[in-house]
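Presented below is the structure to which this report refers.
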Amino acid sequence: MIGAILAKQRVPAWFDAINRHDLEALLQDYSEDVVLDYPGDVEGVSGIIAGKTAVREWYKRYFEQFPVIHQSLRTIAVSNIFDLVGNNTLAVEWDADVKNRSGLQVHNDGVSIVTSRMGKATYIKVYMSTTGDLFRKAWGVG
């Protein structure tokens with residue numbers, strides 16, 4: 001239960017870090033071998049990003065592309081409420097309002113499934129409602 005409580009306390013801090021573009025605060029809870037699985041078909045953005053160094057570079061690009069980010073947390077669910085050490089799976093429902101470098105404002109919502117080991121995120125799979133033309137345009141493609 002302690003691990004589940006800690007997970008529910010840490011996830012809001014991730015959103016705060018993203019909104020502040022605070023890469024180090026965000027990545028402190030990521031394992032060295034973290035994998036980010038990001039949707040869509042934007043070259044260099046979508047797909048499997050493996051390892052903390054690659055994920056760090058991915059977030060740098062995200063922060064550069066979107067100077068204004070407001071992500072808000074809707075719901076956190078944990079698979080094992082009796083977790084004591086931080087080995088768990090979380091479903092995190094969120095909303096995101098961003099403005100890209102060109103001034104395009106976009107809203108998206110989705111769910112991220114986060115697997116943690118010893119309190120560190122090891123795998124993050126992102127599902128979004130919008131990954132088509134508007135998504136590509138927001139990332140500066142098309």
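Lettering and numbering for the structure tokens are positional, with chains as A, B, ... in the shown order, residues counted from 1 in each chain, and ligands counted from 1 in the shown order.
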As a count of residues only, list the residues of chain A assigned to strand (DSSP E) by DSSP on the backbone atoms of this structure. 58
Going by DSSP on the backbone, which residues of segment 40-112 of chain A come out as alpha helix (DSSP H)? List them as a PyMOL selection string. chain A and resi 52-65
Near Lys120 of chain A, within 10 Å and counting only C-alpha atoms, which residues show up once chain neighbours fewer than 5 positions away are dropped, as a list of chain:residue names?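 Neighbouring residues, sequence-local ones excluded: A:Ala7, A:Leu27, A:Gln28, A:Asp29, A:Tyr30, A:Ser31, A:Glu32, A:Asp33, A:Val34, A:Gly86, A:Asn87, A:Asn88, A:Val114, A:Thr115.
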With C-alpha atoms retained, export the selected residues as a CSV table (one decimal), in the first residue's frame.
chain,number,residue,atom,x,y,z
A,7,ALA,CA,2.9,6.5,-6.8
A,27,LEU,CA,13.3,12.3,-15.0
A,28,GLN,CA,14.3,11.7,-11.3
A,29,ASP,CA,11.5,9.1,-11.2
A,30,TYR,CA,12.5,7.4,-14.4
A,31,SER,CA,14.8,4.3,-14.4
A,32,GLU,CA,17.9,4.2,-16.5
A,33,ASP,CA,16.4,1.7,-18.8
A,34,VAL,CA,13.0,3.4,-19.2
A,86,GLY,CA,6.9,0.5,-6.0
A,87,ASN,CA,6.4,-2.4,-8.4
A,88,ASN,CA,3.1,-1.5,-10.0
A,114,VAL,CA,3.1,3.4,-16.5
A,115,THR,CA,5.0,0.4,-15.2
Using only C-alpha atoms, the best pick from A:Val35, A:Ala50, A:Ala13, A:Val141 as closest to Leu73 of chain A would be A:Ala13
Against segment 95-110 of chain A, which residues of segment 2-23 of chain A fall within 12 Å? For each one I want the closest pair of atoms and the distance in Å (one decimal), counting only C-alpha atoms, rows by chain and increasing residue number, as CSV.
residue,atom,partner,partner_atom,distance
A:Phe15,CA,A:Ala96,CA,10.0
A:Ile18,CA,A:Ala96,CA,10.6
A:Asn19,CA,A:Val98,CA,9.7
Export of the given selection (N, CA and C atoms) as a compact mmCIF listing (two decimals), in the first residue's frame:
# COMPACT_ATOMS: atom_id res chain seq x y z
N PHE A 15 3.45 15.96 -13.78
CA PHE A 15 2.70 16.94 -14.57
C PHE A 15 3.20 18.35 -14.29
N ILE A 18 6.49 18.77 -16.15
CA ILE A 18 6.28 18.96 -17.59
C ILE A 18 5.81 20.38 -17.87
N ASN A 19 4.85 20.86 -17.09
CA ASN A 19 4.32 22.21 -17.31
C ASN A 19 5.38 23.28 -17.11
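Residues lying within 6 Å of segment 124-140 of chain A, counting only C-alpha atoms and ignoring same-chain neighbours fewer than 2 positions away, are Leu36, Asp37, Tyr38, Gly40, Asp109, Gly110, Val111, Ser112, Ile113, Val114 and Gly142 of chain A.
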Judged by only C-alpha atoms, the minimum distance to Val55 of chain A among A:Trp14, A:Arg117, A:Leu26, A:Trp94 is found for A:Leu26
